[in-house]
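Visitor: First, the structure itself, so that you have it in front of you.
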Amino acid sequence: MEHIISVTVENKFGVLSRVAGLFSGRGFNIESLSVAPTLDPSMSQMTIVTSGDERIIEQIVKQLNKLIDVIKVVDLNETEFVSRETAIIKVHTKDQDRAEALRIVDIFRANVIDSTPTTYTIEVSGDPKKIEAIINLLQPLGIKDLVRTGRVAVAREPVRSTAAQAKKVARE
Amino acid sequence: MKLTGAEIFIECLKREGVKTVFALPGGVVLKIFDTLHQQKDVEVILTRHEQGAGHMAEGYAKATGKAGVCLVTSGPGMTNVITALADAYMDSVPLVCFSGQVPTNLIGNDAFQEADNVGLSRPCTKYNFLVKDVNDLAGTIKEAFHIATTGRPGPVLVDFPKDVSMAKAEFTYPNSVSIRGYNPTYDGNKWQIKQAAEAIMKAKKPILYVGGGVVFSAASQELLELAEMTQIPVDMTLMGLGAFPGEHPLSMGMLGMHGTYQANMAMHYSDLVIAIGARFDDRVTGKVSEFCPYAKIIHVDIDPTSIRKNIHVDIPIVGDCKTVLRELNHILRATVNGEQKDLRRPWWDQIQEWQQAHPLTYHQEKDGPIKPQQVVKRLYELTKDRDPIVSTDVGQHQMWAAQYFKLAKPNRWLTSGGLGTMGFGFPAAMGAQAAFRDRLVLCIAGDGSIQMNMQEMATAVVSKLPVKIIILNNGFHGMVRQWQDLFYEGRYASSYLDTTPDFVKLADAYGAVGFRVKKVGDLDGVLKEALSTDKPVIVDVPTYPYENCYPMIPAGGCNHEMILEDPPELKKKQSGSTKVTPEDKDTVLTA
């Protein structure tokens, strides 16, 4: 099963290769990985999309925790989370296709971020299914280039139900 | 006052209590060696190969419980020490290795003797550092020793560029270390420990399965108390030998592939396995799906990744063996009464039945070829009063040593378990001898593996490390030959070594003393003479070449299905032959 694991690490050289080496050395699978510094520039946030059965995921989480440069590991599948991915897609657009391309952009609430007489460069964000869907629709026009960021994700803040809140207010 | 990087290095070693460094110089570490040469606090033992330096540091660490330190040069110096780092990583040996590096401005330029030391050692160290600024050096060394010796111990590499060793900085040594991503758990979860205690009270067929973690956390006393209080028999892993007294009535000896019959049967039929500082290695579990089919499993380990890595665990306890055992004993002391003994009487009877049915056996004829087991047994009996430290290489002789050398105390057993590194034994013994100059240090070796670090005999002679090497010389890579006989129809592909070199002459050539045992009747006399020699010694004991090590669980086999003796066709083939026959040699050549 697919899991999204959020890893807070020291922001210093060599950390990425320690994490990547852990996955390759133990035969774990990385589907995507994104890294960027956090608000505190001494730390970086990694979002790793991986897959495996319960035992493998448990090992991945433990092995990540064991790395000395890893500060915190959260398996987001254990909570509610939101995730997004961005894709930048360069499409061939012959005269008759340009309007169709823009319609698709509109439907998916995507943006055209660059344009030439024969191409559009489109930026789209969303969950992976949405990205797959727009790629499928743009494919007949001719995709010249495609880059995806891989997913980033964050846990949802727990929200108390309104009933529980009402109770709490009543008690107070 | 400002100190050079090299001086800071030595000051740090002194503050860490390091007395001995195993080292081999080279271009980029000359400044460090020059500085070491001008002081007397830290002794340098010059090895003949960097792998030797690494294993010596391991032997030192295993015997003392403190971090071993080695120092090598860049490039080939580093690549040579990798085997020792990997060995230390597998066996959780606290080690700090300093590697020379080309000057920082040349790193990445393919400079002379440059290698990516940090990259090379990453998969086989607990952590590694590249020091780019002399101002960071002291802090880095402090962290290196901290990481190597705390939590689950392991090797740490500090890569030390030439310019950093020459640059100057103010020296201040930090008093403490704080690494936000590294906080090993020492105290076990109290609730889990309580669960474990309850399970122990209820178990009818409990068994303790203890490993190297007990040795490293110095928890032998606590283990002894637990076993005696609850009357639970103790299985030891290869790394755990010495954690529990080998001659104690509750000791089942070693378990696993070449473990004793009773140790493996007790594991298989147990209803409660209490694993302490052991990691369910494949040499212990055999076929995982049929491992301990009737047992609940308690697993105490300081490394969370060891728990549930290979097998399912019912009561996991992350923590230091000593701390957890203390807590467990504390609870049990208040609850244990006479009832458990009655509850477990049938189990104990069963174990004794197993013990009597298939004890470790071999047959030594009075005038026949010398059996390797006989050598280990006599060596044990002749030396046990001297509380020796024993190292081994890897192979048949290692298993016989594990079976017949019944260690009474921890930190006496130096062997390469996880990585199975041939060539480990001799340098490891030297490392232990360097730490304890007055103690008896034995190295039980095979004629194959001793040749893998033979060059260190020069170090032993020059540095006056009077290790006693006993070579069980069967002219084969014996364990390979055994597998070939059992699983490859007796084709001795590249396992026959012949009878060269002459180890007695070789010892002589190095300035050591060589002995040869010509017949079994001479064994005691020669061993006694060798043991009373105060120089490094090789005792060459030509042994019966076809002796196989039993019990044996074939790889991937099940723990209660042991091979206990040679299969009939093998017995027939080898009856009476003491030398490798011409037909055997043909198979060697044609295979």
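We name chains A, B, ... following the order of the structure tokens; residues begin at 1 in each chain, and ligands are numbered from 1 as shown.
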Would you please extract all strand (DSSP E) residues from segment 47-168 of chain A, as assigned by DSSP on the backbone, and give them as a ChimeraX atom specification?
Guide: /A:47-51,70-75,81-92,111-116,119-126,143-148,152-155
Visitor: Do you know which residues are at most 10 Å from Ala197 of chain B counting only C-alpha atoms, after dropping those on the same chain fewer than 5 positions away, and could you put them as a CSV table (one decimal) with N, CA and C atoms, in the first residue's frame?
Guide:
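Output saved as around_0.csv:
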chain,number,residue,atom,x,y,z
B,191,TRP,N,5.1,-0.3,31.4
B,191,TRP,CA,3.9,-1.1,31.2
B,191,TRP,C,4.3,-2.4,30.5
B,192,GLN,N,5.1,-2.2,29.4
B,192,GLN,CA,5.6,-3.4,28.6
B,192,GLN,C,6.4,-4.3,29.5
B,202,LYS,N,3.7,-16.8,33.9
B,202,LYS,CA,2.7,-17.8,33.5
B,202,LYS,C,3.3,-18.9,32.6
B,298,ILE,N,9.0,-12.1,23.6
B,298,ILE,CA,9.4,-10.8,24.2
B,298,ILE,C,10.7,-10.4,23.6
B,327,GLU,N,14.8,-3.6,36.0
B,327,GLU,CA,13.4,-3.3,36.3
B,327,GLU,C,12.6,-4.6,36.3
B,328,LEU,N,12.9,-5.5,35.3
B,328,LEU,CA,12.2,-6.8,35.3
B,328,LEU,C,12.4,-7.6,36.5
B,329,ASN,N,13.7,-7.6,36.9
B,329,ASN,CA,14.1,-8.4,38.1
B,329,ASN,C,13.4,-7.8,39.3
B,330,HIS,N,13.3,-6.5,39.4
B,330,HIS,CA,12.6,-5.8,40.5
B,330,HIS,C,11.2,-6.3,40.6
B,331,ILE,N,10.5,-6.4,39.5
B,331,ILE,CA,9.1,-6.8,39.6
B,331,ILE,C,9.0,-8.3,39.9
B,332,LEU,N,9.9,-9.1,39.3
B,332,LEU,CA,9.8,-10.5,39.5
B,332,LEU,C,10.2,-10.9,40.9
B,335,THR,N,7.3,-11.3,43.0
B,335,THR,CA,6.2,-12.2,42.6
B,335,THR,C,6.6,-13.7,42.5
B,336,VAL,N,7.9,-13.9,42.2
B,336,VAL,CA,8.4,-15.3,42.0
B,336,VAL,C,8.2,-16.0,43.3
Visitor: Enumerate as a list of chain:residue names the residues belonging to chain B that approach chain A to within 7 Å, with only C-alpha atoms taken into account.
Guide: B:Arg180, B:Gly181, B:Tyr182, B:Pro304, B:Thr305, B:Lys309
Visitor: Within 12 Å of Phe13 of chain A, counting only C-alpha atoms, which residues qualify if same-chain residues fewer than 4 places away don't, as a ChimeraX atom specification?
Guide: /A:9,17-19,42-44,69 /B:118-119,128-130,132
Visitor: Which of these, A:Ala133, A:Leu146, A:Val49, A:Ile4, has the shortest distance to Lys90 of chain A once you count only C-alpha atoms?
Guide: A:Leu146
Visitor: Excluding segment 90-106 of chain B and its own-chain neighbours fewer than 3 positions away, which residues fall within 6 Å of it when counting only C-alpha atoms? Please give them as a PyMOL selection string.
Guide: chain B and resi 28-29+67-74+87+109+148-149+153-163+418
Visitor: Could you give me, as a short mmCIF file (atom, residue, chain, number, x, y, z; two decimals) with all heavy atoms, in the first residue's frame, the residues within 9 Å of Glu11 of chain B, counting only C-alpha atoms and dropping anything in the same chain fewer than 4 positions from it?
Guide:
data_model
loop_
_atom_site.label_atom_id
_atom_site.label_comp_id
_atom_site.auth_asym_id
_atom_site.auth_seq_id
_atom_site.Cartn_x
_atom_site.Cartn_y
_atom_site.Cartn_z
N ALA B 6 46.22 18.64 14.39
CA ALA B 6 46.82 17.40 14.88
C ALA B 6 46.92 17.40 16.40
O ALA B 6 46.65 16.38 17.05
CB ALA B 6 48.19 17.22 14.25
N GLU B 7 47.30 18.55 16.97
CA GLU B 7 47.39 18.63 18.43
C GLU B 7 46.01 18.54 19.08
O GLU B 7 45.84 17.89 20.12
CB GLU B 7 48.08 19.95 18.83
CG GLU B 7 49.58 19.94 18.57
CD GLU B 7 50.21 21.33 18.57
OE1 GLU B 7 49.48 22.35 18.44
OE2 GLU B 7 51.44 21.40 18.70
N ARG B 15 41.29 13.22 26.34
CA ARG B 15 40.09 13.48 27.13
C ARG B 15 39.08 12.34 27.02
O ARG B 15 38.26 12.14 27.91
CB ARG B 15 39.45 14.80 26.73
CG ARG B 15 40.15 15.95 27.43
CD ARG B 15 39.81 17.28 26.82
NE ARG B 15 40.51 18.36 27.49
CZ ARG B 15 41.81 18.60 27.42
NH1 ARG B 15 42.60 17.77 26.72
NH2 ARG B 15 42.36 19.63 28.03
N GLU B 16 39.13 11.59 25.94
CA GLU B 16 38.24 10.42 25.80
C GLU B 16 38.85 9.18 26.46
O GLU B 16 38.30 8.09 26.37
CB GLU B 16 37.93 10.14 24.33
CG GLU B 16 37.02 11.18 23.68
CD GLU B 16 35.62 11.21 24.30
OE1 GLU B 16 35.16 10.19 24.82
OE2 GLU B 16 34.99 12.29 24.26
N ALA B 138 37.23 19.65 17.40
CA ALA B 138 37.05 19.10 18.75
C ALA B 138 35.60 18.67 18.97
O ALA B 138 35.33 17.58 19.49
CB ALA B 138 37.47 20.13 19.80
N PHE B 171 41.62 25.60 21.41
CA PHE B 171 41.09 24.29 21.78
C PHE B 171 40.16 24.39 22.98
O PHE B 171 40.55 24.83 24.05
CB PHE B 171 42.23 23.32 22.10
CG PHE B 171 41.74 22.01 22.65
CD1 PHE B 171 41.03 21.14 21.82
CD2 PHE B 171 41.95 21.64 23.96
CE1 PHE B 171 40.55 19.93 22.30
CE2 PHE B 171 41.47 20.43 24.46
CZ PHE B 171 40.77 19.57 23.62
N TYR B 173 37.23 21.68 24.66
CA TYR B 173 36.54 20.41 24.49
C TYR B 173 35.17 20.49 25.13
O TYR B 173 35.06 20.81 26.32
CB TYR B 173 37.35 19.27 25.12
CG TYR B 173 37.01 17.93 24.54
CD1 TYR B 173 37.14 17.71 23.17
CD2 TYR B 173 36.54 16.89 25.33
CE1 TYR B 173 36.83 16.48 22.61
CE2 TYR B 173 36.22 15.65 24.77
CZ TYR B 173 36.37 15.46 23.41
OH TYR B 173 36.06 14.25 22.86
#
Visitor: Would you return as a PyMOL selection string the members of segment 12-151 of chain A that DSSP assigns to helix (DSSP H, G or I) on this structure's backbone?
Guide: chain A and resi 15-25+54-66+76-78+95-107+128-141
Visitor: Quick one: distance from atom CA of Glu80 of chain A to atom CA of Val152 of chain A in Å, one decimal?
Guide: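 These atoms are spaced 14.0 Å apart.
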Visitor: Which residues are close to segment 100-111 of chain A, i.e. within 6 Å by only C-alpha atoms, leaving aside same-chain residues fewer than 5 positions away? Reply as a ChimeraX atom specification.
Guide: /A:122-124
Visitor: Given the choices B:Leu120, B:Ala357, B:Ile351, B:Leu24, which gets closest to Leu564 of chain B if the distance is worked out from only C-alpha atoms?
Guide: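 Checking each candidate against Leu564 of chain B, we get B:Ala357 as the closest.
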